[in-house]
$ cat protein-v1.pdb   # PDB, C-alpha atoms
ATOM      1  CA  MET T   1       0.000   0.000   0.000
ATOM      2  CA  LYS T   2       2.906   2.314   0.734
ATOM      3  CA  ILE T   3       4.336   1.795  -2.774
ATOM      4  CA  PHE T   4       0.942   2.409  -4.368
ATOM      5  CA  THR T   5       0.551   5.692  -2.450
ATOM      6  CA  PHE T   6       4.083   6.725  -3.392
ATOM      7  CA  TYR T   7       3.354   6.181  -7.117
ATOM      8  CA  ILE T   8       0.091   8.089  -6.901
ATOM      9  CA  LEU T   9       1.815  11.031  -5.203
ATOM     10  CA  LEU T  10       4.612  10.912  -7.768
ATOM     11  CA  ALA T  11       2.114  10.901 -10.655
ATOM     12  CA  PHE T  12       0.152  13.763  -9.071
ATOM     13  CA  LEU T  13       3.324  15.812  -8.628
ATOM     14  CA  PHE T  14       4.411  15.087 -12.216
ATOM     15  CA  PHE T  15       1.055  16.177 -13.711
ATOM     16  CA  SER T  16       0.822  19.280 -11.522
ATOM     17  CA  VAL T  17       4.294  20.448 -12.595
ATOM     18  CA  LEU T  18       3.506  19.942 -16.282
ATOM     19  CA  SER T  19       0.062  21.528 -16.120
ATOM     20  CA  CYS T  20       1.222  24.632 -14.239
ATOM     21  CA  GLU T  21       3.742  25.649 -16.878
ATOM     22  CA  LYS T  22       2.435  28.737 -18.656
ATOM     23  CA  GLU T  23       4.042  30.681 -21.464
ATOM     24  CA  TYR T  24       3.943  34.428 -21.391
ATOM     25  CA  GLN T  25       1.675  35.870 -24.070
ATOM     26  CA  ARG T  26       2.085  39.526 -24.926
ATOM     27  CA  PRO T  27      -1.173  41.483 -25.213
ATOM     28  CA  ARG T  28      -1.954  42.719 -28.760
ATOM     29  CA  LYS T  29      -2.164  46.322 -27.591
ATOM     30  CA  TYR T  30       1.643  46.385 -27.200
ATOM     31  CA  GLU T  31       2.365  45.245 -30.772
ATOM     32  CA  ILE T  32       4.058  47.789 -33.013
ATOM     33  CA  ASP T  33       3.735  47.582 -36.806
ATOM     34  CA  LEU T  34       7.068  48.800 -38.153
ATOM     35  CA  PHE T  35       5.902  48.582 -41.786
ATOM     36  CA  LYS T  36       2.422  50.111 -41.555
ATOM     37  CA  ASN T  37       3.155  52.781 -44.200
ATOM     38  CA  GLU T  38       4.288  50.256 -46.809
ATOM     39  CA  LYS T  39       2.001  49.044 -49.548
ATOM     40  CA  LYS T  40       0.292  45.818 -48.482
ATOM     41  CA  ASP T  41      -1.697  44.951 -51.620
ATOM     42  CA  THR T  42       0.785  43.202 -53.940
ATOM     43  CA  ALA T  43      -1.863  41.446 -56.020
ATOM     44  CA  GLN T  44      -2.002  44.175 -58.648
ATOM     45  CA  ALA T  45       0.683  44.273 -61.300
ATOM     46  CA  TYR T  46       2.680  47.421 -61.902
ATOM     47  CA  ILE T  47       1.826  49.143 -65.184
ATOM     48  CA  MET T  48       4.184  51.830 -66.446
ATOM     49  CA  SER T  49       3.128  55.195 -67.732
ATOM     50  CA  GLU T  50       3.467  55.855 -71.445
ATOM     51  CA  ASP T  51       6.496  58.130 -70.982
ATOM     52  CA  GLU T  52       8.251  55.635 -68.723
ATOM     53  CA  ALA T  53       7.650  52.770 -71.162
ATOM     54  CA  TYR T  54       8.843  54.926 -74.062
ATOM     55  CA  GLY T  55      12.082  55.728 -72.199
ATOM     56  CA  ILE T  56      12.890  52.113 -71.294
ATOM     57  CA  SER T  57      11.922  50.534 -74.630
ATOM     58  CA  ASP T  58      14.479  49.527 -77.226
ATOM     59  CA  MET T  59      11.898  49.853 -80.000
ATOM     60  CA  VAL T  60       8.450  51.447 -80.276
ATOM     61  CA  VAL T  61       6.145  50.647 -83.181
ATOM     62  CA  ALA T  62       2.693  52.069 -83.916
ATOM     63  CA  SER T  63       0.462  49.551 -85.653
ATOM     64  CA  SER T  64      -3.168  48.721 -86.255
ATOM     65  CA  ASP T  65      -2.475  45.296 -87.783
ATOM     66  CA  ILE T  66      -1.275  42.994 -84.980
ATOM     67  CA  SER T  67      -2.180  39.328 -84.643
ATOM     68  CA  VAL T  68      -1.122  36.267 -82.648
ATOM     69  CA  SER T  69       0.900  34.065 -84.964
ATOM     70  CA  ASP T  70       1.767  31.289 -82.473
ATOM     71  CA  SER T  71       1.362  30.386 -78.808
ATOM     72  CA  SER T  72       2.445  27.689 -76.402
ATOM     73  CA  LEU T  73      -0.360  27.967 -73.887
ATOM     74  CA  GLY T  74      -0.619  24.857 -71.689
ATOM     75  CA  ARG T  75       2.897  23.574 -72.308
ATOM     76  CA  GLY T  76       4.775  25.107 -69.400
ATOM     77  CA  LYS T  77       5.225  28.850 -69.237
ATOM     78  CA  PRO T  78       2.886  30.650 -71.666
ATOM     79  CA  ILE T  79       4.598  32.185 -74.676
ATOM     80  CA  TYR T  80       2.821  34.202 -77.353
ATOM     81  CA  ILE T  81       4.395  35.203 -80.652
ATOM     82  CA  TYR T  82       2.767  38.255 -82.200
ATOM     83  CA  SER T  83       3.068  39.418 -85.775
ATOM     84  CA  ILE T  84       3.033  43.081 -86.791
ATOM     85  CA  ASN T  85       1.924  43.053 -90.427
ATOM     86  CA  SER T  86       2.243  46.793 -91.024
ATOM     87  CA  GLY T  87       3.043  49.844 -88.956
ATOM     88  CA  ASP T  88       5.288  52.837 -88.314
ATOM     89  CA  LEU T  89       8.606  52.642 -86.479
ATOM     90  CA  LEU T  90       8.457  55.507 -83.961
ATOM     91  CA  PHE T  91      11.675  54.890 -82.039
ATOM     92  CA  SER T  92      14.545  52.417 -82.108
ATOM     93  CA  LYS T  93      17.911  52.215 -80.349
ATOM     94  CA  ARG T  94      19.383  49.712 -82.818
ATOM     95  CA  ASP T  95      17.363  49.190 -85.995
ATOM     96  CA  SER T  96      16.409  52.073 -88.227
ATOM     97  CA  VAL T  97      14.255  50.057 -90.658
ATOM     98  CA  ILE T  98      12.185  46.937 -90.006
ATOM     99  CA  SER T  99      10.670  44.618 -92.587
ATOM    100  CA  TYR T 100       7.104  43.401 -92.229
ATOM    101  CA  PRO T 101       5.697  41.038 -91.072
ATOM    102  CA  TYR T 102       7.708  41.602 -87.895
ATOM    103  CA  HIS T 103       7.492  39.099 -85.009
ATOM    104  CA  PHE T 104       7.918  39.682 -81.297
ATOM    105  CA  LEU T 105       7.477  37.492 -78.209
ATOM    106  CA  SER T 106       5.384  38.054 -75.106
ATOM    107  CA  ASN T 107       4.955  36.077 -71.861
ATOM    108  CA  GLN T 108       1.394  37.322 -71.442
ATOM    109  CA  LYS T 109      -1.643  37.601 -73.652
ATOM    110  CA  LEU T 110      -1.961  41.192 -74.784
ATOM    111  CA  ASN T 111      -5.453  42.619 -75.106
ATOM    112  CA  PHE T 112      -5.431  44.971 -78.060
ATOM    113  CA  LYS T 113      -8.949  46.340 -77.602
ATOM    114  CA  LYS T 114      -9.303  48.485 -80.671
ATOM    115  CA  GLU T 115     -11.549  49.448 -83.514
ATOM    116  CA  LYS T 116     -10.638  48.691 -87.123
ATOM    117  CA  ASN T 117      -8.385  51.692 -87.694
ATOM    118  CA  ASP T 118      -7.075  52.343 -84.175
ATOM    119  CA  SER T 119      -3.309  52.082 -83.871
ATOM    120  CA  VAL T 120      -1.606  50.976 -80.661
ATOM    121  CA  TYR T 121       1.867  51.522 -79.330
ATOM    122  CA  VAL T 122       3.961  48.353 -79.190
ATOM    123  CA  PHE T 123       6.765  48.751 -76.634
ATOM    124  CA  LEU T 124       9.571  46.245 -77.222
ATOM    125  CA  GLU T 125      12.837  45.364 -75.524
ATOM    126  CA  LYS T 126      15.718  43.164 -76.660
ATOM    127  CA  LEU T 127      14.906  39.441 -76.333
ATOM    128  CA  LYS T 128      16.273  37.841 -73.161
ATOM    129  CA  GLY T 129      16.585  34.056 -73.306
ATOM    130  CA  TYR T 130      14.477  31.882 -75.628
ATOM    131  CA  LYS T 131      17.494  31.152 -77.837
ATOM    132  CA  THR T 132      15.938  28.262 -79.800
ATOM    133  CA  ILE T 133      12.670  30.102 -80.424
ATOM    134  CA  ALA T 134      14.593  33.220 -81.477
ATOM    135  CA  GLU T 135      16.618  31.250 -84.042
ATOM    136  CA  MET T 136      13.633  29.307 -85.403
ATOM    137  CA  LYS T 137      11.227  32.255 -85.718
ATOM    138  CA  ASN T 138      13.824  35.010 -86.306
ATOM    139  CA  ILE T 139      12.700  37.007 -83.245
ATOM    140  CA  LYS T 140      14.888  39.770 -81.810
ATOM    141  CA  TYR T 141      12.519  41.597 -79.475
ATOM    142  CA  GLN T 142       9.993  40.877 -76.731
ATOM    143  CA  TRP T 143       7.164  42.867 -75.189
ATOM    144  CA  LEU T 144       8.356  45.224 -72.451
ATOM    145  CA  LYS T 145       6.982  43.748 -69.223
ATOM    146  CA  GLY T 146       4.718  46.225 -67.451
ATOM    147  CA  ALA T 147       4.209  48.399 -70.518
ATOM    148  CA  PRO T 148       0.654  49.585 -71.159
ATOM    149  CA  VAL T 149      -1.396  48.727 -74.230
ATOM    150  CA  TYR T 150      -1.960  52.318 -75.263
ATOM    151  CA  LEU T 151      -4.151  53.500 -78.144
ATOM    152  CA  LEU T 152      -2.578  56.052 -80.465
ATOM    153  CA  ASP T 153      -5.916  57.806 -81.099
ATOM    154  CA  ASN T 154      -6.266  58.719 -77.391
ATOM    155  CA  GLU T 155      -3.886  61.636 -77.938
ATOM    156  CA  LYS T 156      -6.098  63.181 -80.605
ATOM    157  CA  LYS T 157      -9.320  63.080 -78.561
TER     158      LYS T 157
END

$ encode --input "protein-v1.pdb" --output "structure tokens"
Amino acid sequence: MKIFTFYILLAFLFFSVLSCEKEYQRPRKYEIDLFKNEKKDTAQAYIMSEDEAYGISDMVVASSDISVSDSSLGRGKPIYIYSINSGDLLFSKRDSVISYPYHFLSNQKLNFKKEKNDSVYVFLEKLKGYKTIAEMKNIKYQWLKGAPVYLLDNEKK
């Protein structure tokens, strides 16, 4: 009986020590947000202004005849190859003349919401990566990421 009582007391002591342990929890009123002035909504993509995109671009073309010539949607990273069938070269750092149809690559589907005769600015930068596609399709430029799809006729209105 003595041994049984000893084990019961030992078990009681063991459980009381474990159950009395309490971690300190700081009240929420003492929390300080060091980054409260920073932007918290990162879900929206950054879209450049027209002037900013014009300054960063390697080539700017105005065209009303743009179409998707090829895409690889569903096979890994999406890649769209666009064809400019006619247009005006507005600015270029390297090429002074381009021959049509002219192809460029984009990682996103571009929504050229336009009427029949509305021209859009096409902001392009030198192609980075995609060596095999560039050799096969003779592509030198890609869409400038973050550039707006900007209608040319908006200036006149």

$ atom_distance --input "protein-v1.pdb" --atom1 "CA of Leu124 (chain T)" --atom2 "CA of Met136 (chain T)"
19.2 Å

$ residues_near_point --input "protein-v1.pdb" --point "(-4.2, 36.8, -83.8)" --cutoff "8 Å" --atoms "all atoms listed in the file" --output "ChimeraX atom specification"
/T:66-69,82-83

$ resolve_selection --input "protein-v1.pdb" --expression "the PyMOL selection byres ((chain T and resi 86) around 7)" --output "MDAnalysis selection string"
chainID T and resid 63 65 84:85 87 100:101

$ atom_distance --input "protein-v1.pdb" --atom1 "CA of Tyr46 (chain T)" --atom2 "CA of Ser119 (chain T)"
23.2 Å

$ atom_distance --input "protein-v1.pdb" --atom1 "CA of Ala147 (chain T)" --atom2 "CA of Tyr121 (chain T)"
9.6 Å

$ residues_near_point --input "protein-v1.pdb" --point "(9.0, 34.3, -81.7)" --cutoff "7 Å" --atoms "only C-alpha atoms" --output "list in words"
Ile81, His103, Phe104, Leu105, Ile133, Ala134, Lys137, Asn138 and Ile139 of chain T

$ resolve_selection --input "protein-v1.pdb" --expression "the PyMOL selection byres ((chain T and resi 95) around 12)" --output "ChimeraX atom specification"
/T:58-61,89-94,96-99,126,140-141

$ resolve_selection --input "protein-v1.pdb" --expression "the PyMOL selection byres ((chain T and resi 51-53) around 10)" --output "list in words"
Ile47, Met48, Ser49, Glu50, Tyr54, Gly55, Ile56, Ser57, Asp58, Val60, Val122, Phe123, Leu124, Leu144, Lys145, Gly146, Ala147 and Pro148 of chain T

$ closest_residue --input "protein-v1.pdb" --among "T:Ser106, T:Asn37, T:Ser64, T:Thr5" --to "Pro78 (chain T)" --atoms "only C-alpha atoms"
T:Ser106

$ decode --input "protein-v1.pdb" --residues "region 92-142 of chain T" --atoms "N, CA and C atoms" --output "short mmCIF file (atom, residue, chain, number, x, y, z; two decimals), in the first residue's frame"
data_model
loop_
_atom_site.label_atom_id
_atom_site.label_comp_id
_atom_site.auth_asym_id
_atom_site.auth_seq_id
_atom_site.Cartn_x
_atom_site.Cartn_y
_atom_site.Cartn_z
N SER T 92 13.73 53.62 -82.18
CA SER T 92 14.54 52.42 -82.11
C SER T 92 15.96 52.78 -81.69
N LYS T 93 16.54 52.00 -80.78
CA LYS T 93 17.91 52.22 -80.35
C LYS T 93 18.90 51.55 -81.31
N ARG T 94 18.47 50.47 -81.98
CA ARG T 94 19.38 49.71 -82.82
C ARG T 94 19.01 49.74 -84.29
N ASP T 95 17.78 49.33 -84.61
CA ASP T 95 17.36 49.19 -86.00
C ASP T 95 16.71 50.49 -86.47
N SER T 96 17.03 50.87 -87.69
CA SER T 96 16.41 52.07 -88.23
C SER T 96 15.27 51.72 -89.18
N VAL T 97 15.30 50.51 -89.74
CA VAL T 97 14.25 50.06 -90.66
C VAL T 97 13.90 48.63 -90.27
N ILE T 98 12.61 48.32 -90.26
CA ILE T 98 12.18 46.94 -90.01
C ILE T 98 11.35 46.47 -91.19
N SER T 99 11.45 45.18 -91.48
CA SER T 99 10.67 44.62 -92.59
C SER T 99 9.47 43.88 -92.01
N TYR T 100 8.35 44.01 -92.69
CA TYR T 100 7.10 43.40 -92.23
C TYR T 100 6.84 42.12 -92.99
N PRO T 101 6.22 41.13 -92.45
CA PRO T 101 5.70 41.04 -91.07
C PRO T 101 6.84 40.90 -90.06
N TYR T 102 6.70 41.58 -88.94
CA TYR T 102 7.71 41.60 -87.89
C TYR T 102 7.17 40.86 -86.68
N HIS T 103 7.94 39.94 -86.13
CA HIS T 103 7.49 39.10 -85.01
C HIS T 103 8.15 39.54 -83.71
N PHE T 104 7.38 39.47 -82.64
CA PHE T 104 7.92 39.68 -81.30
C PHE T 104 7.26 38.71 -80.34
N LEU T 105 7.90 38.48 -79.19
CA LEU T 105 7.48 37.49 -78.21
C LEU T 105 6.90 38.19 -76.98
N SER T 106 5.95 37.53 -76.35
CA SER T 106 5.38 38.05 -75.11
C SER T 106 5.09 36.89 -74.17
N ASN T 107 5.27 37.11 -72.86
CA ASN T 107 4.96 36.08 -71.86
C ASN T 107 3.52 36.16 -71.39
N GLN T 108 2.78 37.15 -71.85
CA GLN T 108 1.39 37.32 -71.44
C GLN T 108 0.54 37.62 -72.66
N LYS T 109 -0.72 37.32 -72.55
CA LYS T 109 -1.64 37.60 -73.65
C LYS T 109 -1.97 39.09 -73.60
N LEU T 110 -1.73 39.75 -74.70
CA LEU T 110 -1.96 41.19 -74.78
C LEU T 110 -3.35 41.45 -75.34
N ASN T 111 -4.09 42.29 -74.67
CA ASN T 111 -5.45 42.62 -75.11
C ASN T 111 -5.43 43.92 -75.89
N PHE T 112 -5.39 43.80 -77.20
CA PHE T 112 -5.43 44.97 -78.06
C PHE T 112 -6.89 45.27 -78.36
N LYS T 113 -7.55 45.98 -77.43
CA LYS T 113 -8.95 46.34 -77.60
C LYS T 113 -8.99 47.57 -78.49
N LYS T 114 -9.34 47.37 -79.74
CA LYS T 114 -9.30 48.49 -80.67
C LYS T 114 -10.37 48.33 -81.74
N GLU T 115 -10.66 49.43 -82.36
CA GLU T 115 -11.55 49.45 -83.51
C GLU T 115 -10.74 49.03 -84.73
N LYS T 116 -11.33 49.11 -85.91
CA LYS T 116 -10.64 48.69 -87.12
C LYS T 116 -9.39 49.52 -87.41
N ASN T 117 -9.49 50.83 -87.28
CA ASN T 117 -8.39 51.69 -87.69
C ASN T 117 -7.58 52.28 -86.54
N ASP T 118 -7.81 51.83 -85.32
CA ASP T 118 -7.07 52.34 -84.17
C ASP T 118 -5.69 51.71 -84.12
N SER T 119 -4.68 52.56 -84.01
CA SER T 119 -3.31 52.08 -83.87
C SER T 119 -2.96 52.03 -82.39
N VAL T 120 -2.08 51.10 -82.04
CA VAL T 120 -1.61 50.98 -80.66
C VAL T 120 -0.09 51.07 -80.66
N TYR T 121 0.43 51.52 -79.53
CA TYR T 121 1.87 51.52 -79.33
C TYR T 121 2.30 50.11 -78.96
N VAL T 122 3.38 49.64 -79.54
CA VAL T 122 3.96 48.35 -79.19
C VAL T 122 5.35 48.66 -78.63
N PHE T 123 5.50 48.47 -77.31
CA PHE T 123 6.77 48.75 -76.63
C PHE T 123 7.56 47.46 -76.57
N LEU T 124 8.76 47.45 -77.14
CA LEU T 124 9.57 46.25 -77.22
C LEU T 124 10.94 46.46 -76.58
N GLU T 125 11.47 45.37 -76.04
CA GLU T 125 12.84 45.36 -75.52
C GLU T 125 13.58 44.19 -76.15
N LYS T 126 14.91 44.22 -76.07
CA LYS T 126 15.72 43.16 -76.66
C LYS T 126 15.36 41.82 -76.01
N LEU T 127 15.30 40.77 -76.80
CA LEU T 127 14.91 39.44 -76.33
C LEU T 127 15.92 38.90 -75.34
N LYS T 128 15.43 38.43 -74.20
CA LYS T 128 16.27 37.84 -73.16
C LYS T 128 15.91 36.37 -73.05
N GLY T 129 16.85 35.49 -73.37
CA GLY T 129 16.58 34.06 -73.31
C GLY T 129 15.90 33.59 -74.58
N TYR T 130 15.23 32.46 -74.51
CA TYR T 130 14.48 31.88 -75.63
C TYR T 130 15.34 31.74 -76.88
N LYS T 131 16.54 31.22 -76.73
CA LYS T 131 17.49 31.15 -77.84
C LYS T 131 16.98 30.30 -79.00
N THR T 132 16.40 29.14 -78.71
CA THR T 132 15.94 28.26 -79.80
C THR T 132 14.75 28.87 -80.54
N ILE T 133 13.83 29.47 -79.79
CA ILE T 133 12.67 30.10 -80.42
C ILE T 133 13.13 31.29 -81.27
N ALA T 134 14.09 32.06 -80.75
CA ALA T 134 14.59 33.22 -81.48
C ALA T 134 15.24 32.81 -82.80
N GLU T 135 15.98 31.71 -82.81
CA GLU T 135 16.62 31.25 -84.04
C GLU T 135 15.59 30.69 -85.02
N MET T 136 14.63 29.93 -84.53
CA MET T 136 13.63 29.31 -85.40
C MET T 136 12.71 30.34 -86.03
N LYS T 137 12.24 31.29 -85.26
CA LYS T 137 11.23 32.25 -85.72
C LYS T 137 11.82 33.61 -86.11
N ASN T 138 13.14 33.76 -85.99
CA ASN T 138 13.82 35.01 -86.31
C ASN T 138 13.24 36.18 -85.49
N ILE T 139 13.24 36.01 -84.17
CA ILE T 139 12.70 37.01 -83.24
C ILE T 139 13.86 37.68 -82.52
N LYS T 140 13.84 39.01 -82.48
CA LYS T 140 14.89 39.77 -81.81
C LYS T 140 14.39 40.54 -80.59
N TYR T 141 13.07 40.75 -80.53
CA TYR T 141 12.52 41.60 -79.47
C TYR T 141 11.37 40.90 -78.75
N GLN T 142 11.12 41.36 -77.52
CA GLN T 142 9.99 40.88 -76.73
C GLN T 142 9.25 42.07 -76.17
#
